[in-house]
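Chemist: The structure file final.cif (mmCIF, C-alpha atoms) is provided below.
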data_protein
loop_
_atom_site.label_atom_id
_atom_site.label_comp_id
_atom_site.auth_asym_id
_atom_site.auth_seq_id
_atom_site.Cartn_x
_atom_site.Cartn_y
_atom_site.Cartn_z
CA MET A 3 0.00 0.00 0.00
CA ILE A 4 2.88 2.35 0.74
CA LEU A 5 4.44 1.65 -2.67
CA SER A 6 1.08 2.24 -4.32
CA ALA A 7 0.60 5.48 -2.40
CA ALA A 8 4.06 6.69 -3.50
CA ALA A 9 3.32 5.79 -7.13
CA LEU A 10 -0.03 7.59 -6.99
CA LEU A 11 1.54 10.64 -5.37
CA ARG A 12 4.05 10.81 -8.25
CA GLU A 13 1.31 10.74 -10.86
CA TYR A 14 -1.73 12.37 -9.30
CA GLY A 15 -0.60 14.44 -6.31
CA ALA A 16 -1.56 14.27 -2.67
CA SER A 17 -5.17 15.40 -2.87
CA ALA A 18 -6.00 12.76 -5.49
CA THR A 19 -4.29 9.96 -3.55
CA SER A 20 -7.29 8.61 -1.71
CA ILE A 21 -7.62 5.41 0.30
CA ASP A 22 -9.91 4.01 -2.41
CA ARG A 23 -7.37 4.76 -5.13
CA VAL A 24 -4.55 3.18 -3.08
CA LEU A 25 -6.65 0.07 -2.49
CA ALA A 26 -7.51 -0.23 -6.18
CA HIS A 27 -3.87 0.25 -7.18
CA SER A 28 -2.44 -2.15 -4.56
CA GLY A 29 -5.20 -4.75 -4.52
CA ALA A 30 -5.12 -4.71 -0.72
CA PRO A 31 -8.32 -5.35 1.24
CA ARG A 32 -9.96 -2.31 2.85
CA GLY A 33 -9.55 -3.65 6.39
CA SER A 34 -5.79 -3.72 6.03
CA VAL A 35 -5.66 0.06 5.71
CA TYR A 36 -7.12 0.61 9.14
CA HIS A 37 -5.07 -2.22 10.63
CA HIS A 38 -1.71 -1.00 9.29
CA PHE A 39 -2.48 2.72 9.18
CA PRO A 40 -4.62 3.66 12.18
CA GLY A 41 -3.88 7.31 11.32
CA GLY A 42 -5.71 6.78 8.02
CA ARG A 43 -4.86 8.52 4.78
CA ALA A 44 -2.50 11.06 6.37
CA GLN A 45 -0.39 8.29 7.93
CA LEU A 46 -0.32 6.34 4.66
CA ILE A 47 0.80 9.38 2.68
CA ASP A 48 3.36 10.29 5.34
CA GLU A 49 4.85 6.81 5.15
CA ALA A 50 4.85 6.95 1.33
CA VAL A 51 6.76 10.26 1.51
CA ALA A 52 9.29 8.65 3.87
CA LEU A 53 9.70 5.65 1.58
CA ALA A 54 10.17 7.77 -1.54
CA GLY A 55 12.54 10.05 0.34
CA ASP A 56 14.57 7.07 1.53
CA PHE A 57 14.81 5.69 -2.00
CA ILE A 58 16.26 8.90 -3.46
CA ALA A 59 18.40 9.45 -0.35
CA GLY A 60 19.86 5.99 -0.92
CA LEU A 61 20.80 6.95 -4.46
CA ILE A 62 22.35 10.18 -3.23
CA ASP A 63 24.15 8.37 -0.40
CA ALA A 64 25.63 5.96 -2.96
CA ALA A 65 26.68 8.93 -5.08
CA VAL A 66 28.45 10.45 -2.07
CA GLN A 67 30.95 7.62 -2.38
CA ALA A 68 31.60 8.51 -6.04
CA ASP A 69 35.02 9.61 -7.15
CA ASP A 70 33.51 12.29 -9.36
CA PRO A 71 30.76 14.49 -7.88
CA VAL A 72 29.90 15.91 -11.31
CA GLU A 73 29.23 12.42 -12.68
CA ALA A 74 27.16 11.64 -9.58
CA VAL A 75 24.94 14.70 -10.10
CA ASP A 76 24.73 14.01 -13.84
CA ALA A 77 23.46 10.51 -13.00
CA PHE A 78 20.78 12.04 -10.74
CA PHE A 79 19.48 14.07 -13.70
CA VAL A 80 19.58 10.99 -15.94
CA LEU A 81 17.53 9.05 -13.40
CA TRP A 82 14.81 11.70 -13.51
CA ARG A 83 14.92 11.97 -17.29
CA ASP A 84 14.46 8.21 -17.59
CA ARG A 85 11.57 8.22 -15.11
CA LEU A 86 9.82 10.99 -16.98
CA VAL A 87 10.20 9.35 -20.38
CA GLU A 88 9.25 5.86 -19.14
CA SER A 89 6.07 7.24 -17.55
CA GLY A 90 5.04 9.36 -20.52
CA PHE A 91 5.76 12.47 -18.43
CA ARG A 92 3.26 11.42 -15.77
CA ALA A 93 5.67 10.57 -12.93
CA GLY A 94 6.89 13.46 -10.88
CA CYS A 95 8.36 13.61 -7.41
CA PRO A 96 6.02 12.42 -4.65
CA ILE A 97 7.76 14.75 -2.19
CA VAL A 98 6.93 17.77 -4.34
CA ALA A 99 3.37 16.50 -4.70
CA VAL A 100 2.97 16.69 -0.93
CA ALA A 101 4.95 19.90 -0.47
CA VAL A 102 2.99 22.00 -2.97
CA GLU A 103 -0.47 21.14 -1.70
CA THR A 104 -2.15 22.70 1.28
CA ASN A 105 -2.56 20.00 3.89
CA ASP A 106 -4.42 21.84 6.61
CA ASP A 107 -5.85 18.56 7.91
CA ALA A 108 -2.37 16.96 8.03
CA PRO A 109 0.32 19.61 8.59
CA GLN A 110 2.86 16.89 9.37
CA LEU A 111 2.99 16.10 5.64
CA ALA A 112 4.66 19.42 4.85
CA ARG A 113 7.12 18.83 7.69
CA SER A 114 7.87 15.36 6.34
CA ALA A 115 8.49 16.75 2.86
CA ALA A 116 10.79 19.42 4.31
CA ALA A 117 12.72 16.76 6.22
CA VAL A 118 13.20 14.71 3.06
CA PHE A 119 14.49 17.72 1.11
CA ALA A 120 16.84 18.56 3.99
CA ARG A 121 18.18 15.01 4.03
CA TRP A 122 18.86 15.09 0.29
CA GLN A 123 20.60 18.45 0.61
CA GLU A 124 22.77 17.23 3.49
CA ALA A 125 23.86 14.20 1.47
CA LEU A 126 24.77 16.31 -1.57
CA ALA A 127 26.51 18.89 0.60
CA ALA A 128 28.58 16.07 2.12
CA LEU A 129 29.55 14.95 -1.39
CA PHE A 130 30.68 18.46 -2.31
CA LEU A 131 32.53 18.92 0.98
CA ARG A 132 34.32 15.61 0.47
CA HIS A 133 35.55 16.93 -2.86
CA GLY A 134 36.95 20.15 -1.46
CA LEU A 135 34.20 22.74 -1.54
CA ALA A 136 33.74 24.98 1.46
CA GLU A 137 30.84 23.92 3.67
CA GLU A 138 28.67 26.97 2.96
CA ARG A 139 29.24 26.74 -0.81
CA GLY A 140 28.49 23.01 -0.72
CA ARG A 141 25.22 23.60 1.12
CA ARG A 142 24.13 26.30 -1.33
CA LEU A 143 25.00 24.14 -4.32
CA ALA A 144 23.19 21.16 -2.81
CA ALA A 145 20.03 23.23 -2.33
CA PHE A 146 20.40 24.59 -5.86
CA VAL A 147 20.78 21.12 -7.39
CA ILE A 148 17.66 19.81 -5.63
CA ALA A 149 15.68 22.93 -6.59
CA ALA A 150 16.88 22.71 -10.20
CA VAL A 151 16.00 19.03 -10.54
CA GLU A 152 12.58 19.40 -8.93
CA GLY A 153 11.70 22.53 -10.89
CA ALA A 154 12.87 20.98 -14.15
CA VAL A 155 10.81 17.83 -13.51
CA ILE A 156 7.71 19.96 -13.04
CA MET A 157 8.44 21.89 -16.24
CA CYS A 158 9.08 18.66 -18.16
CA ARG A 159 5.71 17.29 -17.10
CA ALA A 160 3.97 20.47 -18.20
CA GLU A 161 5.81 20.67 -21.53
CA GLN A 162 5.86 16.91 -22.18
CA SER A 163 9.54 17.29 -23.01
CA THR A 164 12.88 16.54 -21.39
CA ALA A 165 14.27 19.87 -22.61
CA PRO A 166 13.96 21.71 -19.25
CA LEU A 167 15.71 18.87 -17.41
CA GLU A 168 18.45 18.65 -20.02
CA ALA A 169 19.01 22.41 -19.83
CA ALA A 170 19.17 22.34 -16.03
CA ALA A 171 21.52 19.32 -16.12
CA ALA A 172 23.89 21.08 -18.54
CA GLU A 173 24.00 24.26 -16.45
CA ILE A 174 24.49 22.37 -13.18
CA HIS A 175 27.23 20.28 -14.83
CA ASP A 176 29.10 23.40 -15.93
CA LEU A 177 28.55 25.13 -12.58
CA LEU A 178 29.92 22.15 -10.65
CA LEU A 179 32.93 21.82 -12.95
CA HIS A 180 33.69 25.50 -12.39
CA ALA A 181 33.10 25.35 -8.62
CA LEU A 182 35.30 22.29 -8.19
CA ARG A 183 38.04 23.63 -10.45
CA ASP A 184 38.16 26.95 -8.61
CA ARG A 185 37.99 25.57 -5.06
CA PRO A 186 40.71 26.79 -2.71
CA GLU A 187 43.60 24.35 -2.48
CA ALA A 188 44.42 25.12 1.16
CA GLY A 189 45.55 21.81 2.60
CA PRO A 190 44.29 18.29 1.98
CA ARG A 191 40.62 17.74 1.27
CA PRO A 192 38.55 15.89 3.86
CA GLY A 193 38.55 12.18 3.08
CA ALA A 194 41.43 12.53 0.63
#
Show me the file's structure as structure tokens.
Modeler:
Amino acid sequence: MILSAAALLREYGASATSIDRVLAHSGAPRGSVYHHFPGGRAQLIDEAVALAGDFIAGLIDAAVQADDPVEAVDAFFVLWRDRLVESGFRAGCPIVAVAVETNDDAPQLARSAAAVFARWQEALAALFLRHGLAEERGRRLAAFVIAAVEGAVIMCRAEQSTAPLEAAAAEIHDLLLHALRDRPEAGPRPGA
């Protein structure tokens, strides 16, 4: 049910991800929702956000170990491009789906989305720091990469084209090359 909720969030957004739709998508019996998710729809969506956030965080965490941070970020853009194309431009980010909607009845959803974005940014900032960028610059670049990817995904869905994502990927690629080339060479880099 959590996987189904995450898939539905990606395609339809939070407000359209109802218990009935999750049950139809997952094939789970109705009684299992209330057994596993006593908090109802809000708990189910919150857990789907956590699952989706963990999945992407895992990819970012693996990239943190990469020898080349530019290649790692390039791969992140490729992942999103492939997801968009494979879904016919229907699949977006379930975290964005929750973050952009007003959830007055479940304010914890916005907090959960914010926590996921913060986790992704911390992982990317750690990657940049490991490769010699100053901490503040690494944090800014990490936030910028996440914002660029998420914004480009939204634009791609609207335009039914990968052009916005490809443009963002090219600019981020060049920006990272420049930032890493021009980093101060004062002493050994952490982890080097």
Chemist: So how far away is CA of Asp84 in chain A from CA of Ala160 in chain A, in Å?
Modeler: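 It comes out at 16.1 Å.
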Chemist: Point out the residue among A:Arg12, A:Arg141, A:His180, A:Arg83 with the least atom-to-atom distance to Ile47 in chain A, counting only C-alpha atoms.
Modeler: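 Residue with the minimum atom-to-atom distance to Ile47 in chain A: A:Arg12.
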Chemist: Counting only C-alpha atoms, which residues have an atom no more than 9 Å from (19.5, 9.8, -6.1) in the file's coordinates? Please list them as a PyMOL selection string.
Modeler: chain A and resi 57-65+74-75+77-79+81-82+122
Chemist: Quick one: apply the PyMOL selection byres ((chain A and resi 44) around 10) to the file and drop the selected residues here as a list of chain:residue names.
Modeler: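 Residues picked by the PyMOL selection byres ((chain A and resi 44) around 10): A:Ala16, A:Ser20, A:Ile21, A:Phe39, A:Pro40, A:Gly41, A:Gly42, A:Arg43, A:Gln45, A:Leu46, A:Ile47, A:Asp48, A:Glu49, A:Ala50, A:Asn105, A:Asp107, A:Ala108, A:Pro109, A:Gln110, A:Leu111.
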Chemist: With distances taken over only C-alpha atoms, which residue among A:Leu129, A:Ala150, A:Ile4, A:Ala54 lies nearest His38 in chain A?
Modeler: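 Among the listed residues, the smallest separation from His38 in chain A belongs to A:Ile4.
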Chemist: Could you work out how far CA of Leu178 in chain A lies from CA of Ala127 in chain A, giving the answer in Å with one decimal?
Modeler: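 That distance, rounded to one decimal, is 12.2 Å.
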Chemist: So the first atom is CA of Ser34 in chain A and the second is CA of Ala7 in chain A; what is the distance between them in Å, to one decimal place?
Modeler: 14.0 Å
Chemist: Determine the nearest neighbour of His133 in chain A from the options A:Ala169, A:Leu11, A:Val72, A:Val151, counting only C-alpha atoms.
Modeler: A:Val72
Chemist: For the structure shown, which residues end up in the PyMOL selection byres ((chain A and resi 117) around 12)? Put them as a list in words, please?
Modeler: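 The output of the PyMOL selection byres ((chain A and resi 117) around 12) on this file is Asp48, Val51, Ala52, Gly55, Asp56, Ala59, Ile97, Ala101, Gln110, Leu111, Ala112, Arg113, Ser114, Ala115, Ala116, Val118, Phe119, Ala120, Arg121, Trp122, Gln123 and Glu124 of chain A.
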Chemist: Which residues match the PyMOL selection byres ((chain A and resi 135) around 10) in the file above, as a list in words?
Modeler: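 In the shown coordinates, the PyMOL selection byres ((chain A and resi 135) around 10) covers Ala127, Ala128, Leu129, Phe130, Leu131, Arg132, His133, Gly134, Ala136, Glu137, Glu138, Arg139, Gly140, Arg141, Leu143, Ala181, Leu182, Arg183, Asp184, Arg185, Pro186, Glu187, Arg191 and Pro192 of chain A.
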Chemist: Ranking A:Ala93, A:Ala99, A:Met157, A:Leu53 by minimum distance to Ala18 in chain A and counting all atoms listed in the file, which one comes first?
Modeler: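 Closest residue, counting all atoms listed in the file: A:Ala99.
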Chemist: Rank A:Val100, A:Ala9, A:Ala125, A:Met3 by their smallest atom-to-atom distance to His37 in chain A, using only C-alpha atoms, and report the top residue only.
Modeler: A:Met3
Chemist: Given all atoms listed in the file as the basis, pick out the residue of A:Glu13, A:Glu152, A:Asp22, A:Asp106 nearest to Pro166 in chain A.
Modeler: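 Looking only at the distances to Pro166 in chain A, the closest residue turns out to be A:Glu152.
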Chemist: Give me range 150-161 of chain A with all heavy atoms filled in, as an mmCIF file, keeping the file's coordinate frame.
Modeler:
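See part14.cif below for the written result:
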data_model
loop_
_atom_site.group_PDB
_atom_site.id
_atom_site.type_symbol
_atom_site.label_atom_id
_atom_site.label_comp_id
_atom_site.auth_asym_id
_atom_site.auth_seq_id
_atom_site.Cartn_x
_atom_site.Cartn_y
_atom_site.Cartn_z
ATOM 1 N N ALA A 150 16.815 22.768 -8.734
ATOM 2 C CA ALA A 150 16.880 22.710 -10.200
ATOM 3 C C ALA A 150 16.252 21.424 -10.721
ATOM 4 O O ALA A 150 15.473 21.446 -11.685
ATOM 5 C CB ALA A 150 18.323 22.833 -10.672
ATOM 6 N N VAL A 151 16.572 20.307 -10.103
ATOM 7 C CA VAL A 151 16.000 19.030 -10.540
ATOM 8 C C VAL A 151 14.487 19.055 -10.384
ATOM 9 O O VAL A 151 13.737 18.731 -11.314
ATOM 10 C CB VAL A 151 16.594 17.841 -9.746
ATOM 11 C CG1 VAL A 151 15.801 16.565 -10.009
ATOM 12 C CG2 VAL A 151 18.049 17.630 -10.100
ATOM 13 N N GLU A 152 14.025 19.435 -9.197
ATOM 14 C CA GLU A 152 12.580 19.400 -8.930
ATOM 15 C C GLU A 152 11.817 20.368 -9.840
ATOM 16 O O GLU A 152 10.767 20.026 -10.374
ATOM 17 C CB GLU A 152 12.303 19.697 -7.456
ATOM 18 C CG GLU A 152 12.864 18.664 -6.503
ATOM 19 C CD GLU A 152 12.269 17.272 -6.632
ATOM 20 O OE1 GLU A 152 11.316 17.058 -7.414
ATOM 21 O OE2 GLU A 152 12.768 16.376 -5.952
ATOM 22 N N GLY A 153 12.349 21.569 -10.004
ATOM 23 C CA GLY A 153 11.700 22.530 -10.890
ATOM 24 C C GLY A 153 11.687 22.056 -12.328
ATOM 25 O O GLY A 153 10.688 22.186 -13.049
ATOM 26 N N ALA A 154 12.791 21.475 -12.769
ATOM 27 C CA ALA A 154 12.870 20.980 -14.150
ATOM 28 C C ALA A 154 11.906 19.822 -14.370
ATOM 29 O O ALA A 154 11.269 19.739 -15.434
ATOM 30 C CB ALA A 154 14.300 20.561 -14.461
ATOM 31 N N VAL A 155 11.758 18.950 -13.380
ATOM 32 C CA VAL A 155 10.810 17.830 -13.510
ATOM 33 C C VAL A 155 9.394 18.369 -13.694
ATOM 34 O O VAL A 155 8.637 17.893 -14.552
ATOM 35 C CB VAL A 155 10.906 16.875 -12.302
ATOM 36 C CG1 VAL A 155 9.726 15.912 -12.261
ATOM 37 C CG2 VAL A 155 12.224 16.109 -12.332
ATOM 38 N N ILE A 156 9.047 19.364 -12.918
ATOM 39 C CA ILE A 156 7.710 19.960 -13.040
ATOM 40 C C ILE A 156 7.519 20.567 -14.431
ATOM 41 O O ILE A 156 6.490 20.363 -15.081
ATOM 42 C CB ILE A 156 7.502 21.029 -11.937
ATOM 43 C CG1 ILE A 156 7.422 20.347 -10.568
ATOM 44 C CG2 ILE A 156 6.247 21.862 -12.202
ATOM 45 C CD1 ILE A 156 7.546 21.298 -9.398
ATOM 46 N N MET A 157 8.521 21.286 -14.902
ATOM 47 C CA MET A 157 8.440 21.890 -16.240
ATOM 48 C C MET A 157 8.348 20.817 -17.324
ATOM 49 O O MET A 157 7.581 20.960 -18.284
ATOM 50 C CB MET A 157 9.636 22.802 -16.486
ATOM 51 C CG MET A 157 9.627 24.053 -15.630
ATOM 52 S SD MET A 157 11.138 25.027 -15.842
ATOM 53 C CE MET A 157 10.957 25.567 -17.543
ATOM 54 N N CYS A 158 9.116 19.745 -17.181
ATOM 55 C CA CYS A 158 9.080 18.660 -18.160
ATOM 56 C C CYS A 158 7.684 18.043 -18.242
ATOM 57 O O CYS A 158 7.191 17.761 -19.337
ATOM 58 C CB CYS A 158 10.082 17.568 -17.797
ATOM 59 S SG CYS A 158 11.804 18.004 -18.057
ATOM 60 N N ARG A 159 7.062 17.850 -17.104
ATOM 61 C CA ARG A 159 5.710 17.290 -17.100
ATOM 62 C C ARG A 159 4.750 18.225 -17.819
ATOM 63 O O ARG A 159 3.914 17.779 -18.599
ATOM 64 C CB ARG A 159 5.243 17.032 -15.669
ATOM 65 C CG ARG A 159 5.969 15.858 -15.024
ATOM 66 C CD ARG A 159 5.442 15.571 -13.658
ATOM 67 N NE ARG A 159 4.123 14.937 -13.772
ATOM 68 C CZ ARG A 159 3.334 14.711 -12.736
ATOM 69 N NH1 ARG A 159 3.705 15.059 -11.523
ATOM 70 N NH2 ARG A 159 2.163 14.131 -12.918
ATOM 71 N N ALA A 160 4.872 19.506 -17.565
ATOM 72 C CA ALA A 160 3.970 20.470 -18.200
ATOM 73 C C ALA A 160 4.204 20.543 -19.700
ATOM 74 O O ALA A 160 3.252 20.603 -20.481
ATOM 75 C CB ALA A 160 4.153 21.852 -17.567
ATOM 76 N N GLU A 161 5.466 20.523 -20.117
ATOM 77 C CA GLU A 161 5.810 20.670 -21.530
ATOM 78 C C GLU A 161 5.829 19.358 -22.293
ATOM 79 O O GLU A 161 5.948 19.362 -23.519
ATOM 80 C CB GLU A 161 7.185 21.337 -21.655
ATOM 81 C CG GLU A 161 7.213 22.748 -21.131
ATOM 82 C CD GLU A 161 8.609 23.361 -21.182
ATOM 83 O OE1 GLU A 161 9.489 22.836 -21.905
ATOM 84 O OE2 GLU A 161 8.818 24.379 -20.502
#
